[in-house]
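Everything below belongs to work_1.cif, which stores mmCIF, C-alpha atoms.
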data_data
#
loop_
_atom_site.label_atom_id
_atom_site.label_comp_id
_atom_site.auth_asym_id
_atom_site.auth_seq_id
_atom_site.Cartn_x
_atom_site.Cartn_y
_atom_site.Cartn_z
CA MET F 5 18.14 -5.87 19.05
CA LEU F 6 17.01 -3.32 16.50
CA GLY F 7 19.11 -3.12 13.36
CA THR F 8 20.54 0.41 13.18
CA ASP F 9 23.86 -0.36 11.48
CA ASP F 10 24.83 -2.15 8.29
CA ARG F 11 24.71 -5.63 9.77
CA PRO F 12 21.69 -7.88 9.12
CA VAL F 13 18.90 -7.24 11.58
CA THR F 14 18.43 -9.91 14.21
CA GLN F 15 15.39 -12.12 14.45
CA PRO F 16 13.47 -11.47 17.67
CA PRO F 17 12.34 -14.39 19.83
CA GLY F 18 8.71 -15.44 19.96
CA LYS F 19 6.74 -15.71 16.78
CA ARG F 20 3.46 -13.79 16.52
CA LEU F 21 3.00 -13.79 12.75
CA ARG F 22 2.92 -16.91 10.60
CA GLU F 23 6.28 -15.96 9.15
CA VAL F 24 8.98 -13.44 9.97
CA ARG F 25 8.62 -10.16 8.09
CA ASN F 26 11.34 -7.64 7.35
CA VAL F 27 10.38 -4.04 8.09
CA LEU F 28 12.36 -0.86 7.46
CA VAL F 29 11.50 2.17 9.62
CA ILE F 30 12.81 5.52 8.32
CA GLU F 31 12.12 8.08 11.05
CA ASP F 32 14.37 10.91 12.28
CA GLN F 33 12.86 11.01 15.78
CA GLN F 34 14.84 8.17 17.29
CA ASP F 35 12.57 7.66 20.30
CA ILE F 36 9.55 7.18 18.03
CA ALA F 37 11.50 4.94 15.65
CA LYS F 38 12.71 2.72 18.49
CA LEU F 39 9.23 2.52 20.03
CA ILE F 40 7.78 1.44 16.68
CA GLY F 41 10.59 -1.06 16.29
CA LEU F 42 10.02 -2.63 19.70
CA HIS F 43 6.30 -3.09 19.04
CA LEU F 44 7.03 -4.63 15.63
CA GLN F 45 9.55 -7.00 17.18
CA ASP F 46 6.73 -8.24 19.40
CA LEU F 47 5.02 -9.32 16.17
CA SER F 48 8.15 -11.29 15.24
CA CYS F 49 9.35 -8.76 12.68
CA ASN F 50 12.96 -8.16 11.77
CA VAL F 51 13.28 -4.39 12.10
CA CYS F 52 15.90 -2.08 10.60
CA LEU F 53 15.96 1.58 11.70
CA ARG F 54 17.29 4.52 9.72
CA PHE F 55 17.19 8.08 11.08
CA ASP F 56 17.71 10.22 7.97
CA GLY F 57 16.50 10.24 4.39
CA GLU F 58 19.76 9.44 2.61
CA SER F 59 20.66 6.33 4.60
CA GLY F 60 17.00 5.26 4.60
CA LEU F 61 16.75 5.48 0.83
CA ALA F 62 20.04 3.62 0.38
CA GLU F 63 18.86 0.85 2.70
CA ALA F 64 15.47 0.57 1.00
CA GLU F 65 17.08 0.32 -2.43
CA SER F 66 19.69 -2.25 -1.40
CA GLN F 67 17.59 -4.77 0.55
CA PRO F 68 14.19 -6.44 0.07
CA TYR F 69 11.59 -5.44 2.67
CA ASP F 70 8.04 -6.59 3.31
CA LEU F 71 7.06 -3.11 4.56
CA ILE F 72 8.61 0.35 4.74
CA ILE F 73 7.36 2.78 7.40
CA LEU F 74 8.40 6.21 6.17
CA ASP F 75 8.31 9.60 7.90
CA LEU F 76 7.41 12.53 5.68
CA MET F 77 9.73 15.13 7.26
CA LEU F 78 13.30 13.81 7.14
CA PRO F 79 16.72 15.46 7.05
CA GLY F 80 18.50 15.10 3.73
CA VAL F 81 16.01 13.45 1.41
CA ASP F 82 12.38 13.90 2.51
CA GLY F 83 9.79 11.14 2.63
CA LEU F 84 7.93 12.26 -0.47
CA GLU F 85 11.08 12.08 -2.58
CA ILE F 86 11.96 8.67 -1.12
CA CYS F 87 8.46 7.42 -1.91
CA ARG F 88 8.69 8.74 -5.46
CA ARG F 89 12.06 7.09 -6.09
CA LEU F 90 11.08 3.76 -4.57
CA ARG F 91 7.89 3.54 -6.58
CA GLY F 92 9.99 3.65 -9.74
CA LYS F 93 12.16 0.73 -8.57
CA LYS F 94 10.04 -1.28 -6.11
CA PRO F 95 6.39 -0.79 -7.04
CA TYR F 96 5.15 -3.76 -5.00
CA THR F 97 6.75 -2.97 -1.63
CA PRO F 98 4.08 -1.60 0.74
CA ILE F 99 4.86 1.88 2.07
CA MET F 100 3.16 3.33 5.16
CA MET F 101 3.77 7.06 5.45
CA VAL F 102 3.87 8.81 8.82
CA THR F 103 3.44 12.57 8.78
CA ALA F 104 3.36 15.40 11.32
CA LYS F 105 1.77 17.61 8.67
CA ALA F 106 -1.96 17.62 9.26
CA THR F 107 -2.93 19.23 5.95
CA GLU F 108 -5.00 17.22 3.52
CA PHE F 109 -2.65 18.30 0.72
CA ASP F 110 0.35 16.51 2.24
CA ARG F 111 -1.61 13.34 2.93
CA VAL F 112 -3.05 13.29 -0.57
CA LEU F 113 0.34 14.04 -2.13
CA GLY F 114 1.93 11.13 -0.29
CA LEU F 115 -0.79 8.77 -1.50
CA GLU F 116 -0.59 10.15 -5.03
CA LEU F 117 3.14 9.39 -5.05
CA GLY F 118 2.39 5.77 -4.22
CA ALA F 119 2.16 5.36 -0.44
CA ASP F 120 -0.20 2.52 0.48
CA ASP F 121 -1.31 4.00 3.79
CA TYR F 122 -0.63 6.92 6.11
CA LEU F 123 -0.85 7.91 9.75
CA THR F 124 -0.83 11.47 11.10
CA LYS F 125 1.25 12.33 14.18
CA PRO F 126 0.55 12.14 17.01
CA PHE F 127 -0.71 8.60 16.51
CA SER F 128 -1.29 5.57 18.67
CA VAL F 129 1.45 2.98 18.22
CA LEU F 130 -1.24 0.38 18.83
CA GLU F 131 -3.13 1.68 15.80
CA LEU F 132 0.02 1.50 13.70
CA VAL F 133 0.63 -2.07 14.85
CA ALA F 134 -2.99 -2.97 14.07
CA ARG F 135 -2.55 -1.63 10.54
CA VAL F 136 0.69 -3.55 10.08
CA LYS F 137 -0.94 -6.75 11.32
CA ALA F 138 -3.87 -6.25 8.94
CA LEU F 139 -1.49 -5.75 6.03
CA PHE F 140 0.52 -8.87 6.85
CA ARG F 141 -2.62 -10.97 7.41
CA ARG F 142 -3.77 -9.99 3.95
CA MET F 143 -0.38 -10.86 2.47
CA GLU F 144 -0.50 -14.27 4.17
CA ALA F 145 -4.04 -14.92 2.98
CA LEU F 146 -3.10 -14.08 -0.60
CA ALA F 147 -0.04 -16.33 -0.45
CA GLU F 148 -1.97 -19.28 1.01
CA ASN F 149 -4.98 -19.15 -1.27
CA SER F 150 -4.38 -21.89 -3.82
CA SER F 151 -7.85 -21.96 -5.38
CA PRO F 152 -7.43 -22.42 -9.16
CA ALA F 153 -10.47 -20.20 -9.73
CA LEU F 154 -8.85 -17.30 -7.87
CA LYS F 155 -5.60 -17.74 -9.81
CA LYS F 156 -7.37 -17.58 -13.14
CA ALA F 157 -6.52 -14.55 -15.26
CA ILE F 158 -9.30 -11.99 -15.67
CA GLY F 159 -9.98 -10.39 -19.04
CA PHE F 160 -12.22 -7.36 -19.25
CA GLY F 161 -12.24 -5.35 -22.45
CA GLU F 162 -8.66 -4.26 -23.08
CA LEU F 163 -7.80 -4.85 -19.42
CA ALA F 164 -6.15 -8.14 -18.38
CA ILE F 165 -5.30 -9.08 -14.78
CA ASP F 166 -3.11 -12.04 -13.80
CA PRO F 167 -3.65 -12.69 -10.06
CA GLU F 168 -0.87 -15.27 -9.77
CA LYS F 169 1.82 -13.14 -11.41
CA ARG F 170 0.28 -9.92 -10.06
CA GLU F 171 0.53 -8.36 -13.50
CA VAL F 172 -1.86 -6.06 -15.36
CA THR F 173 -1.89 -5.20 -19.05
CA LEU F 174 -3.99 -2.71 -20.95
CA GLY F 175 -4.25 -3.25 -24.68
CA GLY F 176 -1.35 -5.68 -24.38
CA LYS F 177 0.92 -3.15 -22.68
CA PRO F 178 2.04 -3.62 -19.05
CA VAL F 179 0.57 -1.34 -16.39
CA ASN F 180 2.82 -0.51 -13.44
CA LEU F 181 0.72 -0.72 -10.25
CA THR F 182 1.69 -0.54 -6.60
CA ALA F 183 0.82 -3.50 -4.36
CA LYS F 184 -2.26 -1.77 -2.96
CA GLU F 185 -3.42 -0.53 -6.36
CA PHE F 186 -3.24 -4.10 -7.64
CA ASP F 187 -5.16 -5.45 -4.62
CA LEU F 188 -7.85 -2.82 -5.08
CA LEU F 189 -8.21 -3.45 -8.82
CA LEU F 190 -8.32 -7.22 -8.33
CA HIS F 191 -10.99 -6.89 -5.65
CA PHE F 192 -13.12 -4.75 -7.94
CA ALA F 193 -12.64 -7.07 -10.93
CA ARG F 194 -13.65 -10.14 -8.91
CA ASN F 195 -16.82 -8.38 -7.73
CA ARG F 196 -18.04 -6.64 -10.87
CA GLY F 197 -21.23 -4.67 -10.44
CA ARG F 198 -21.13 -4.69 -6.64
CA VAL F 199 -21.16 -1.24 -5.01
CA TYR F 200 -18.69 -0.59 -2.18
CA SER F 201 -18.56 2.35 0.18
CA ARG F 202 -15.16 3.80 1.01
CA LEU F 203 -15.28 2.32 4.51
CA GLN F 204 -16.10 -1.11 3.06
CA LEU F 205 -13.10 -0.87 0.75
CA LEU F 206 -10.87 0.19 3.65
CA ASP F 207 -12.06 -2.82 5.62
CA THR F 208 -11.78 -5.30 2.74
CA VAL F 209 -8.64 -4.16 0.92
CA TRP F 210 -6.67 -2.39 3.66
CA GLY F 211 -7.88 -4.52 6.55
CA TYR F 212 -9.30 -1.70 8.67
CA GLY F 213 -12.35 0.53 8.37
CA HIS F 214 -11.84 3.68 10.45
CA ASP F 215 -13.61 6.96 9.76
CA GLY F 216 -11.31 9.74 8.64
CA TYR F 217 -9.22 7.72 6.20
CA GLU F 218 -11.61 7.68 3.24
CA HIS F 219 -9.18 9.91 1.31
CA ASN F 220 -6.87 6.90 1.20
CA VAL F 221 -9.44 5.14 -0.98
CA ASN F 222 -10.13 8.22 -3.09
CA CYS F 223 -6.45 8.69 -3.89
CA HIS F 224 -5.95 5.06 -4.88
CA ILE F 225 -9.04 5.18 -7.09
CA ASN F 226 -7.70 8.31 -8.79
CA ARG F 227 -4.30 6.68 -9.33
CA LEU F 228 -5.90 3.54 -10.76
CA ARG F 229 -8.07 5.53 -13.12
CA ALA F 230 -5.06 7.51 -14.31
CA LYS F 231 -3.33 4.25 -15.18
CA ILE F 232 -6.11 2.11 -16.69
CA GLU F 233 -8.73 4.53 -18.03
CA LYS F 234 -8.39 6.17 -21.44
CA ASN F 235 -10.19 9.19 -20.00
CA PRO F 236 -10.12 9.20 -16.17
CA ALA F 237 -12.83 11.87 -16.14
CA ARG F 238 -15.17 9.44 -17.97
CA PRO F 239 -14.14 6.05 -16.61
CA GLN F 240 -15.04 2.80 -18.35
CA TYR F 241 -14.04 0.41 -15.56
CA ILE F 242 -14.14 1.93 -12.07
CA LEU F 243 -17.38 3.88 -11.76
CA THR F 244 -18.53 6.33 -9.09
CA VAL F 245 -21.90 5.67 -7.48
CA ARG F 246 -22.85 9.09 -6.17
CA GLY F 247 -23.54 9.25 -2.47
CA VAL F 248 -22.43 5.65 -1.95
CA GLY F 249 -18.98 4.79 -3.27
CA TYR F 250 -17.59 2.88 -6.24
CA LYS F 251 -18.19 -0.19 -8.35
CA PHE F 252 -16.49 -2.01 -11.20
CA ALA F 253 -18.55 -1.96 -14.39
CA GLU F 254 -20.26 -5.23 -15.31
CA GLN F 255 -19.32 -4.44 -18.92
CA PRO F 256 -16.80 -1.81 -20.06
CA VAL F 257 -18.64 1.48 -20.45
CA ALA F 258 -18.58 2.71 -24.04
CA GLU F 259 -16.41 5.75 -24.65
CA ALA F 260 -18.27 9.01 -25.00
CA ALA F 261 -18.43 10.33 -28.54
#

What does the file become when written as structure tokens?
Amino acid sequence: MLGTDDRPVTQPPGKRLREVRNVLVIEDQQDIAKLIGLHLQDLSCNVCLRFDGESGLAEAESQPYDLIILDLMLPGVDGLEICRRLRGKKPYTPIMMVTAKATEFDRVLGLELGADDYLTKPFSVLELVARVKALFRRMEALAENSSPALKKAIGFGELAIDPEKREVTLGGKPVNLTAKEFDLLLHFARNRGRVYSRLQLLDTVWGYGHDGYEHNVNCHINRLRAKIEKNPARPQYILTVRGVGYKFAEQPVAEAA
């Protein structure tokens, strides 16, 4: 059954993922929440449902989750505020935001606050499930990859990336990145000089490459630049290739005088 009270969620029968994942769904429309939960149970996920912002935030803060699916418009505490609070306490927990607001501003704001992905209502539950599966496949691949070369720390100017500990420092000071920001930065750093379109980055880092979600990439690039660049308007590391996409500099670009 779906976990809607304070008891531990039950493990559904039939395993579809390599390991059971714990997912929290915070959605005030109970029919939608339960439909999402049933589809996720088919993937062998433990699912906990919360139907308002306050109980959802309390649950998210009290228990570890592999994924949080978060509605933007919630009674009590809204999804944007929940996202903001969680990013201060649980920067590495993936957050997928679901929003009935179709404006670009709301989507961008959610991503700027630290959401890893978003879907706009009405959406196909099958698309949501496909995104969740892509995210978990990537998590499994990262966990299973034991290549010493891929675990080796990367130093690049003042930037240092530790893939095994999933830590980043800049000038010796820690940089607080979300899970997706770290994945994106690590992908760039391992492929210095290679140019990627936004769709290629969606496919490689997010696990899907659908038109219409390029703003997801743009927002994460902007957040990364704000955290690792001395002057985000004149980046040294993540460079824009006009008309194509982005690349990671082969050598740190010298600061403008």

*Evaluate the PyMOL selection byres ((chain F and resi 92-97) around 12) here and jot the selected residues down as a ChimeraX atom specification.*
/F:26-28,61,64-73,85-91,98-100,117-121,139,143,169-171,179-187

*From the set F:Tyr217, F:Tyr241, F:Tyr250, F:Phe55, which residue has the shortest atom-to-atom contact distance to F:Phe160, counting only C-alpha atoms?*
F:Tyr241

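The interatomic distance for the pair atom CA of F:Val129 and atom CA of F:Ile40 works out to 6.7 Å.
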
*Please measure the separation of atom CA of F:Ile30 and atom CA of F:Asp75, giving the value in Å to one decimal.*
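Going from atom CA of F:Ile30 over to atom CA of F:Asp75, I get 6.1 Å.
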
_Atomic separation - atom CA of F:Met101 relative to atom CA of F:Thr244, Å_ =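 Separating atom CA of F:Thr244 from atom CA of F:Met101 is a distance of 26.6 Å.
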
*asked:* I want to know what sits within 12 Å of F:Leu163, based on only C-alpha atoms, with residues of the same chain fewer than 4 positions away left out; could you give that as a list in words?
replied: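 Returned residues: Ala157, Ile158, Gly159, Glu171, Val172, Thr173, Leu174, Gly175, Gly176, Lys177, Pro178, Val179, Leu189, Leu190, Ala193, Lys231, Ile232, Glu233, Lys234, Gln240, Tyr241, Ile242, Gln255 and Pro256 of chain F.
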
*Return the single residue from F:Lys251, F:Lys125, F:His224, F:Arg135 that is closest to F:Val102, with distances computed using only C-alpha atoms.*
F:Lys125
